[in-house]
$ cat run_26.tsv   # TSV, C-alpha atoms
chain	number	residue	atom	x	y	z
A	30	MET	CA	-73.94	94.29	51.27
A	31	GLN	CA	-72.49	92.08	48.58
A	32	PRO	CA	-73.50	91.84	44.94
A	33	ILE	CA	-74.52	88.28	44.04
A	34	TYR	CA	-75.10	88.82	40.34
A	35	THR	CA	-75.84	91.61	37.87
A	36	GLN	CA	-77.82	90.84	34.72
A	37	THR	CA	-78.04	93.34	31.89
A	38	VAL	CA	-80.55	92.55	29.16
A	39	GLY	CA	-79.08	92.20	25.69
A	40	SER	CA	-80.29	93.34	22.30
A	41	GLY	CA	-82.90	90.57	22.02
A	42	GLY	CA	-84.79	91.71	25.12
A	43	ALA	CA	-86.06	89.36	27.82
A	44	ALA	CA	-89.48	88.35	29.09
A	45	SER	CA	-88.14	87.40	32.53
A	46	ILE	CA	-85.02	87.13	34.64
A	47	THR	CA	-84.61	84.25	37.09
A	48	PHE	CA	-81.99	84.07	39.82
A	49	ASN	CA	-81.59	80.40	40.76
A	50	SER	CA	-79.50	78.79	43.51
A	51	ILE	CA	-79.50	81.96	45.62
A	52	PRO	CA	-76.91	81.61	48.41
A	53	GLN	CA	-78.53	80.89	51.78
A	54	ASP	CA	-75.89	82.49	53.99
A	55	PHE	CA	-77.05	86.13	53.96
A	56	THR	CA	-79.64	87.72	56.24
A	57	ASP	CA	-81.58	89.72	53.66
A	58	LEU	CA	-81.78	90.14	49.90
A	59	GLN	CA	-82.10	93.32	47.88
A	60	LEU	CA	-82.90	93.47	44.19
A	61	VAL	CA	-82.11	96.76	42.46
A	62	ALA	CA	-83.76	97.10	39.07
A	63	SER	CA	-83.54	99.66	36.30
A	64	SER	CA	-85.77	98.72	33.43
A	65	ARG	CA	-87.99	99.60	30.54
A	66	ILE	CA	-90.45	97.54	28.48
A	67	GLY	CA	-91.57	97.84	24.87
A	68	SER	CA	-95.23	98.30	25.84
A	69	ALA	CA	-97.23	100.42	28.29
A	70	SER	CA	-95.72	101.13	31.72
A	71	GLY	CA	-96.57	98.80	34.56
A	72	ASN	CA	-95.37	96.95	37.63
A	73	TYR	CA	-93.08	94.00	38.14
A	74	GLY	CA	-94.38	90.56	38.88
A	75	VAL	CA	-92.10	88.55	41.18
A	76	ARG	CA	-92.30	84.87	42.04
A	77	PHE	CA	-90.28	82.96	44.59
A	78	ASN	CA	-89.23	79.36	44.09
A	79	ALA	CA	-91.36	79.29	40.89
A	80	ASP	CA	-94.50	79.35	43.05
A	81	ALA	CA	-97.43	80.24	40.76
A	82	THR	CA	-100.17	79.50	43.29
A	83	ASN	CA	-102.39	82.12	44.96
A	84	SER	CA	-99.87	82.87	47.69
A	85	TYR	CA	-99.09	86.57	47.39
A	86	SER	CA	-100.66	89.79	48.69
A	87	TRP	CA	-100.02	93.45	47.91
A	88	THR	CA	-100.55	96.81	49.65
A	89	TYR	CA	-99.41	100.02	48.01
A	90	ILE	CA	-99.45	103.79	48.05
A	91	THR	CA	-98.67	105.73	44.91
A	92	ALA	CA	-98.56	109.33	43.71
A	93	ASN	CA	-97.88	111.12	40.45
A	94	GLY	CA	-97.73	114.78	41.48
A	95	ALA	CA	-101.38	115.35	40.63
A	96	GLY	CA	-102.90	112.94	43.08
A	97	ALA	CA	-102.24	110.01	45.40
A	98	SER	CA	-103.96	106.71	45.98
A	99	SER	CA	-103.54	103.49	47.89
A	100	GLY	CA	-104.98	100.03	47.77
A	101	ARG	CA	-104.68	96.42	48.73
A	102	LEU	CA	-105.12	93.05	47.13
A	103	GLY	CA	-105.53	90.90	50.17
A	104	SER	CA	-104.35	87.65	51.52
A	105	ALA	CA	-103.28	85.10	48.92
A	106	SER	CA	-105.22	86.76	46.12
A	107	LEU	CA	-102.33	86.93	43.65
A	108	THR	CA	-100.20	84.39	41.81
A	109	GLU	CA	-97.19	86.70	41.87
A	110	LEU	CA	-96.01	89.70	43.86
A	111	VAL	CA	-96.78	93.10	42.40
A	112	VAL	CA	-93.91	95.48	43.09
A	113	GLY	CA	-92.07	98.49	41.72
A	114	GLN	CA	-92.48	100.36	38.49
A	115	ILE	CA	-91.38	99.77	34.92
A	116	ASN	CA	-91.10	102.52	32.33
A	117	GLY	CA	-92.92	101.87	29.09
A	118	THR	CA	-93.75	103.42	25.75
A	119	ASP	CA	-95.98	106.01	27.46
A	120	THR	CA	-92.91	107.60	29.08
A	121	THR	CA	-90.09	109.64	27.57
A	122	ALA	CA	-87.95	107.61	25.17
A	123	ASN	CA	-84.93	105.91	26.71
A	124	THR	CA	-85.94	106.61	30.31
A	125	PHE	CA	-85.72	103.68	32.73
A	126	SER	CA	-87.50	103.12	36.04
A	127	SER	CA	-85.68	102.70	39.36
A	128	SER	CA	-86.89	100.10	41.86
A	129	ASN	CA	-85.53	98.76	45.14
A	130	ILE	CA	-87.03	95.48	46.30
A	131	TYR	CA	-85.99	94.42	49.81
A	132	ILE	CA	-86.59	90.92	51.17
A	133	PRO	CA	-85.68	90.56	54.86
A	134	ASN	CA	-85.07	87.16	56.47
A	135	TYR	CA	-85.40	85.29	53.20
A	136	THR	CA	-84.22	82.01	54.70
A	137	GLY	CA	-86.52	82.21	57.74
A	138	SER	CA	-89.48	79.96	58.47
A	139	ASN	CA	-92.10	82.72	58.58
A	140	TYR	CA	-94.08	84.25	55.72
A	141	LYS	CA	-91.78	86.44	53.62
A	142	GLN	CA	-92.22	90.20	53.65
A	143	VAL	CA	-91.20	92.29	50.66
A	144	ILE	CA	-90.72	96.06	50.83
A	145	SER	CA	-90.35	98.08	47.69
A	146	ASP	CA	-89.96	101.70	46.69
A	147	ALA	CA	-89.83	102.76	43.10
A	148	VAL	CA	-90.01	105.61	40.64
A	149	ARG	CA	-91.21	105.58	37.07
A	150	GLU	CA	-88.82	108.12	35.61
A	151	ASN	CA	-90.13	110.54	33.03
A	152	ASN	CA	-88.50	113.64	31.60
A	153	ALA	CA	-91.90	115.28	31.25
A	154	THR	CA	-94.63	116.62	33.49
A	155	ALA	CA	-95.59	113.42	35.25
A	156	GLY	CA	-93.57	110.79	37.01
A	157	VAL	CA	-94.89	108.09	39.33
A	158	GLN	CA	-93.70	107.03	42.76
A	159	ILE	CA	-94.92	103.90	44.52
A	160	MET	CA	-94.24	102.14	47.79
A	161	ASP	CA	-95.30	98.52	48.22
A	162	ALA	CA	-95.61	96.22	51.20
A	163	SER	CA	-96.12	92.69	49.98
A	164	LEU	CA	-96.17	89.20	51.38
A	165	TRP	CA	-95.41	85.72	50.13
A	166	LEU	CA	-97.52	83.44	52.30
A	167	LYS	CA	-95.07	80.53	52.34
A	168	THR	CA	-92.62	79.50	55.04
A	169	THR	CA	-89.95	77.94	52.85
A	170	ALA	CA	-86.61	79.65	52.32
A	171	ILE	CA	-86.26	81.63	49.11
A	172	SER	CA	-83.76	79.97	46.79
A	173	SER	CA	-85.07	81.28	43.48
A	174	LEU	CA	-86.51	84.62	42.33
A	175	THR	CA	-88.12	85.41	38.98
A	176	ILE	CA	-88.87	88.98	37.96
A	177	ARG	CA	-90.85	90.00	34.88
A	178	PRO	CA	-93.43	92.56	33.81
A	179	TYR	CA	-96.59	91.84	35.82
A	180	ALA	CA	-98.71	89.11	34.21
A	181	GLY	CA	-96.09	88.79	31.47
A	182	ASN	CA	-97.31	92.00	29.86
A	183	GLY	CA	-94.23	93.16	28.03
A	184	THR	CA	-90.58	92.42	27.41
A	185	PHE	CA	-87.60	94.08	29.07
A	186	VAL	CA	-85.64	96.10	26.54
A	187	GLN	CA	-81.89	96.16	26.05
A	188	HIS	CA	-79.87	97.79	28.86
A	189	SER	CA	-82.44	96.94	31.53
A	190	THR	CA	-80.35	95.93	34.53
A	191	PHE	CA	-81.06	93.76	37.58
A	192	THR	CA	-78.63	93.33	40.46
A	193	LEU	CA	-79.27	90.96	43.34
A	194	TYR	CA	-77.47	91.80	46.57
A	195	GLY	CA	-77.01	89.77	49.72
A	196	ILE	CA	-76.99	91.64	53.02
A	197	THR	CA	-75.58	90.32	56.28
A	198	LYS	CA	-76.58	91.90	59.56
A	199	GLY	CA	-74.06	93.14	62.07
B	29	MET	CA	-89.79	84.32	20.13
B	30	SER	CA	-89.69	85.67	23.70
B	31	LYS	CA	-86.49	85.01	25.59
B	32	VAL	CA	-85.98	84.26	29.25
B	33	ILE	CA	-82.76	84.61	31.20
B	34	GLU	CA	-81.81	82.15	33.93
B	35	ILE	CA	-78.88	82.74	36.26
B	36	ASP	CA	-77.25	80.12	38.44
B	37	CYS	CA	-76.03	82.25	41.34
B	38	SER	CA	-73.83	79.42	42.64
B	39	THR	CA	-71.78	79.33	39.44
B	40	GLY	CA	-72.35	82.81	38.03
B	41	VAL	CA	-73.53	81.34	34.73
B	42	SER	CA	-76.32	83.17	32.89
B	43	VAL	CA	-78.26	81.36	30.15
B	44	GLU	CA	-80.63	82.97	27.66
B	45	ARG	CA	-83.18	80.68	26.00
B	46	ASP	CA	-86.49	80.78	24.16
B	47	MET	CA	-89.66	80.36	26.20
B	48	THR	CA	-91.07	76.85	26.07
B	49	PRO	CA	-94.57	76.26	24.64
B	50	ALA	CA	-95.82	75.58	28.18
B	51	GLU	CA	-94.36	78.88	29.41
B	52	LEU	CA	-95.92	80.76	26.50
B	53	GLU	CA	-99.28	79.12	27.21
B	54	ALA	CA	-99.09	80.01	30.92
B	55	GLN	CA	-98.15	83.58	30.07
B	56	ALA	CA	-101.07	83.94	27.65
B	57	ALA	CA	-103.45	82.58	30.28
B	58	MET	CA	-102.20	85.04	32.88
B	59	GLN	CA	-102.43	87.96	30.47
B	60	ALA	CA	-106.02	86.98	29.69
B	61	GLU	CA	-106.82	86.77	33.41
B	62	ALA	CA	-105.22	90.17	34.05
B	63	GLU	CA	-107.25	91.64	31.20
B	64	ARG	CA	-110.46	90.15	32.63
B	65	ASN	CA	-109.63	91.59	36.06
B	66	ARG	CA	-108.91	94.99	34.52
B	67	ALA	CA	-112.21	94.93	32.62
B	68	ALA	CA	-114.08	93.96	35.80
B	69	GLU	CA	-112.43	96.83	37.72
B	70	ASP	CA	-113.32	99.27	34.93
B	71	ALA	CA	-116.92	98.05	34.94
B	72	ALA	CA	-117.16	98.39	38.73
B	73	LYS	CA	-115.78	101.95	38.54
B	74	ALA	CA	-118.23	102.87	35.79
B	75	GLU	CA	-121.11	101.43	37.82
B	76	LEU	CA	-120.03	103.46	40.86
B	77	GLU	CA	-119.74	106.67	38.84
B	78	ALA	CA	-123.19	106.07	37.35
B	79	ALA	CA	-124.67	105.54	40.81
B	80	LYS	CA	-123.03	108.76	42.05
B	81	ALA	CA	-124.40	110.70	39.09
B	82	SER	CA	-127.88	109.26	39.67
B	83	ALA	CA	-127.77	110.11	43.37
B	84	THR	CA	-126.58	113.65	42.63
B	85	ALA	CA	-129.41	114.16	40.15
B	86	LYS	CA	-132.01	112.92	42.66
B	87	LEU	CA	-130.64	115.14	45.43
B	88	SER	CA	-130.64	118.10	43.06
B	89	ALA	CA	-134.26	117.36	42.15
B	90	LEU	CA	-135.09	117.50	45.87
B	91	GLY	CA	-133.73	121.04	45.98
B	92	LEU	CA	-130.21	120.59	47.38
B	93	THR	CA	-127.56	122.96	46.01
B	94	ALA	CA	-124.35	121.69	44.43
B	95	GLU	CA	-122.45	122.87	47.55
B	96	GLU	CA	-124.80	120.94	49.85
B	97	ILE	CA	-124.47	117.79	47.74
B	98	ALA	CA	-120.68	118.08	47.74
B	99	ALA	CA	-120.70	118.55	51.53
B	100	LEU	CA	-122.34	115.13	51.94
B	101	SER	CA	-119.27	113.32	50.68
B	102	LYS	CA	-116.75	115.21	52.84

$ encode --input "run_26.tsv" --output "structure tokens"
Amino acid sequence: MQPIYTQTVGSGGAASITFNSIPQDFTDLQLVASSRIGSASGNYGVRFNADATNSYSWTYITANGAGASSGRLGSASLTELVVGQINGTDTTANTFSSSNIYIPNYTGSNYKQVISDAVRENNATAGVQIMDASLWLKTTAISSLTIRPYAGNGTFVQHSTFTLYGITKG
Amino acid sequence: MSKVIEIDCSTGVSVERDMTPAELEAQAAMQAEAERNRAAEDAAKAELEAAKASATAKLSALGLTAEEIAALSK
């Protein structure tokens, strides 16, 4: 497991982070994100290779300590992946979410799976956990990844951190 | 002005820039679409809840107890 790049958001905030020219010599990718936005909590939206077409699907299970639910937005119904959790203004001040986004076989010629587990941290009565299984229905290798608040709803605040790792099997 | 950060992983260079007008327009369109989808989901949920309440009232009028009505959905 080798860090490719770590981006920490500066004082001006950021609407999105894009990793371009991703090396093609690893087996898998993992993006580890710790973030907060200046609006209501939500999910990440992720696009590969700047693909904004209806080419993404999403299945999830989530729980907040009071109840659990699951759902699915089926084949090619989304224009970006929905993954993870982002803390917002409805959570305790200065708390940041923790998300792991795993992308196996990112250079392969099959559709690309994405597995994510995440927690919306909250130093209060309710936190949120979510697990996602998503799919990018394209067969091209992933060379670029953009992450932002889903549908562009919000801006990452200062100290939000995103690290992209490359993982080689064996 | 919203900023975006672009990283070239091959060089390790990170660039922060303002969003272009086209990017801002695309973002606004997606936010509007997400809001429409959210409103449609809320409306569908409200319609379902109203149908459940109506069905419960009709069953109650037929003489079913609250326990019997609840048992139907288990």

$ closest_residue --input "run_26.tsv" --among "A:Gln114, A:Thr184, A:Ser86, A:Asn139" --to "B:Val32" --atoms "all atoms listed in the file"
A:Thr184

$ residues_around --input "run_26.tsv" --residues "stretch 59-69 of chain A" --least-positions-apart "6" --cutoff "6 Å" --atoms "only C-alpha atoms" --output "PyMOL selection string"
chain A and resi 115-119+125-131+183-186+189-194

$ closest_atom_pairs --input "run_26.tsv" --of "chain A" --to "chain B" --cutoff "7 Å" --atoms "all atoms listed in the file" --output "CSV"
residue,atom,partner,partner_atom,distance
A:Ile33,CA,B:Cys37,CA,6.8
A:Tyr34,CA,B:Cys37,CA,6.7
A:Gly42,CA,B:Lys31,CA,6.9
A:Ala43,CA,B:Lys31,CA,4.9
A:Ala44,CA,B:Val32,CA,5.4
A:Ser45,CA,B:Val32,CA,5.0
A:Ile46,CA,B:Ile33,CA,4.8
A:Thr47,CA,B:Glu34,CA,4.7
A:Phe48,CA,B:Ile35,CA,4.9
A:Asn49,CA,B:Asp36,CA,4.9
A:Ser50,CA,B:Cys37,CA,5.4
A:Ile51,CA,B:Cys37,CA,5.5
A:Pro52,CA,B:Ser38,CA,6.9
A:Ala180,CA,B:Gln59,CA,5.4
A:Gly181,CA,B:Gln55,CA,5.8
A:Asn182,CA,B:Gln59,CA,6.6

$ atom_distance --input "run_26.tsv" --atom1 "atom CA of A:Val157" --atom2 "atom CA of A:Asn93"
4.4 Å

$ atom_distance --input "run_26.tsv" --atom1 "atom CA of A:Gln53" --atom2 "atom CA of A:Thr136"
6.5 Å

$ closest_residue --input "run_26.tsv" --among "A:Val143, A:Val38, A:Glu109, A:Ser138" --to "A:Tyr73" --atoms "all atoms listed in the file"
A:Glu109

$ atom_distance --input "run_26.tsv" --atom1 "atom CA of A:Thr169" --atom2 "atom CA of A:Met30"
22.9 Å

$ build_atoms --input "run_26.tsv" --residues "stretch 94-118 of chain A" --atoms "N, CA and C atoms" --output "JSON list (two decimals), in the frame of the given file"
[["chain", "number", "residue", "atom", "x", "y", "z"],
["A", 94, "GLY", "N", -97.84, 113.33, 41.50],
["A", 94, "GLY", "CA", -97.73, 114.78, 41.48],
["A", 94, "GLY", "C", -99.07, 115.47, 41.34],
["A", 95, "ALA", "N", -100.04, 114.78, 40.76],
["A", 95, "ALA", "CA", -101.38, 115.35, 40.63],
["A", 95, "ALA", "C", -102.34, 114.77, 41.65],
["A", 96, "GLY", "N", -102.02, 113.59, 42.12],
["A", 96, "GLY", "CA", -102.90, 112.94, 43.08],
["A", 96, "GLY", "C", -102.22, 111.72, 43.67],
["A", 97, "ALA", "N", -102.80, 111.19, 44.74],
["A", 97, "ALA", "CA", -102.24, 110.01, 45.40],
["A", 97, "ALA", "C", -103.35, 109.00, 45.63],
["A", 98, "SER", "N", -102.98, 107.74, 45.70],
["A", 98, "SER", "CA", -103.96, 106.71, 45.98],
["A", 98, "SER", "C", -103.28, 105.55, 46.68],
["A", 99, "SER", "N", -104.08, 104.69, 47.26],
["A", 99, "SER", "CA", -103.54, 103.49, 47.89],
["A", 99, "SER", "C", -104.54, 102.36, 47.70],
["A", 100, "GLY", "N", -104.08, 101.16, 47.94],
["A", 100, "GLY", "CA", -104.98, 100.03, 47.77],
["A", 100, "GLY", "C", -104.38, 98.76, 48.29],
["A", 101, "ARG", "N", -105.15, 97.70, 48.22],
["A", 101, "ARG", "CA", -104.68, 96.42, 48.73],
["A", 101, "ARG", "C", -105.37, 95.29, 47.97],
["A", 102, "LEU", "N", -104.58, 94.32, 47.62],
["A", 102, "LEU", "CA", -105.12, 93.05, 47.13],
["A", 102, "LEU", "C", -104.75, 92.04, 48.19],
["A", 103, "GLY", "N", -105.74, 91.56, 48.89],
["A", 103, "GLY", "CA", -105.53, 90.90, 50.17],
["A", 103, "GLY", "C", -104.97, 89.51, 50.12],
["A", 104, "SER", "N", -105.04, 88.88, 51.25],
["A", 104, "SER", "CA", -104.35, 87.65, 51.52],
["A", 104, "SER", "C", -104.49, 86.60, 50.42],
["A", 105, "ALA", "N", -103.34, 86.20, 49.89],
["A", 105, "ALA", "CA", -103.28, 85.10, 48.92],
["A", 105, "ALA", "C", -104.20, 85.29, 47.73],
["A", 106, "SER", "N", -104.34, 86.52, 47.26],
["A", 106, "SER", "CA", -105.22, 86.76, 46.12],
["A", 106, "SER", "C", -104.45, 86.85, 44.81],
["A", 107, "LEU", "N", -103.14, 86.75, 44.86],
["A", 107, "LEU", "CA", -102.33, 86.93, 43.65],
["A", 107, "LEU", "C", -101.44, 85.72, 43.41],
["A", 108, "THR", "N", -101.10, 85.48, 42.14],
["A", 108, "THR", "CA", -100.20, 84.39, 41.81],
["A", 108, "THR", "C", -98.77, 84.87, 41.61],
["A", 109, "GLU", "N", -98.55, 86.16, 41.83],
["A", 109, "GLU", "CA", -97.19, 86.70, 41.87],
["A", 109, "GLU", "C", -97.23, 88.03, 42.61],
["A", 110, "LEU", "N", -96.09, 88.40, 43.19],
["A", 110, "LEU", "CA", -96.01, 89.70, 43.86],
["A", 110, "LEU", "C", -96.15, 90.80, 42.82],
["A", 111, "VAL", "N", -96.77, 91.89, 43.22],
["A", 111, "VAL", "CA", -96.78, 93.10, 42.40],
["A", 111, "VAL", "C", -95.90, 94.11, 43.10],
["A", 112, "VAL", "N", -94.82, 94.52, 42.46],
["A", 112, "VAL", "CA", -93.91, 95.48, 43.09],
["A", 112, "VAL", "C", -93.35, 96.44, 42.04],
["A", 113, "GLY", "N", -92.87, 97.58, 42.53],
["A", 113, "GLY", "CA", -92.07, 98.49, 41.72],
["A", 113, "GLY", "C", -92.79, 99.13, 40.55],
["A", 114, "GLN", "N", -91.99, 99.68, 39.69],
["A", 114, "GLN", "CA", -92.48, 100.36, 38.49],
["A", 114, "GLN", "C", -91.57, 100.03, 37.32],
["A", 115, "ILE", "N", -92.16, 99.97, 36.14],
["A", 115, "ILE", "CA", -91.38, 99.77, 34.92],
["A", 115, "ILE", "C", -91.78, 100.84, 33.91],
["A", 116, "ASN", "N", -90.80, 101.55, 33.40],
["A", 116, "ASN", "CA", -91.10, 102.52, 32.33],
["A", 116, "ASN", "C", -91.55, 101.79, 31.07],
["A", 117, "GLY", "N", -92.46, 102.44, 30.34],
["A", 117, "GLY", "CA", -92.92, 101.87, 29.09],
["A", 117, "GLY", "C", -93.00, 102.91, 27.99],
["A", 118, "THR", "N", -93.69, 102.56, 26.93],
["A", 118, "THR", "CA", -93.75, 103.42, 25.75],
["A", 118, "THR", "C", -94.53, 104.71, 26.00]]
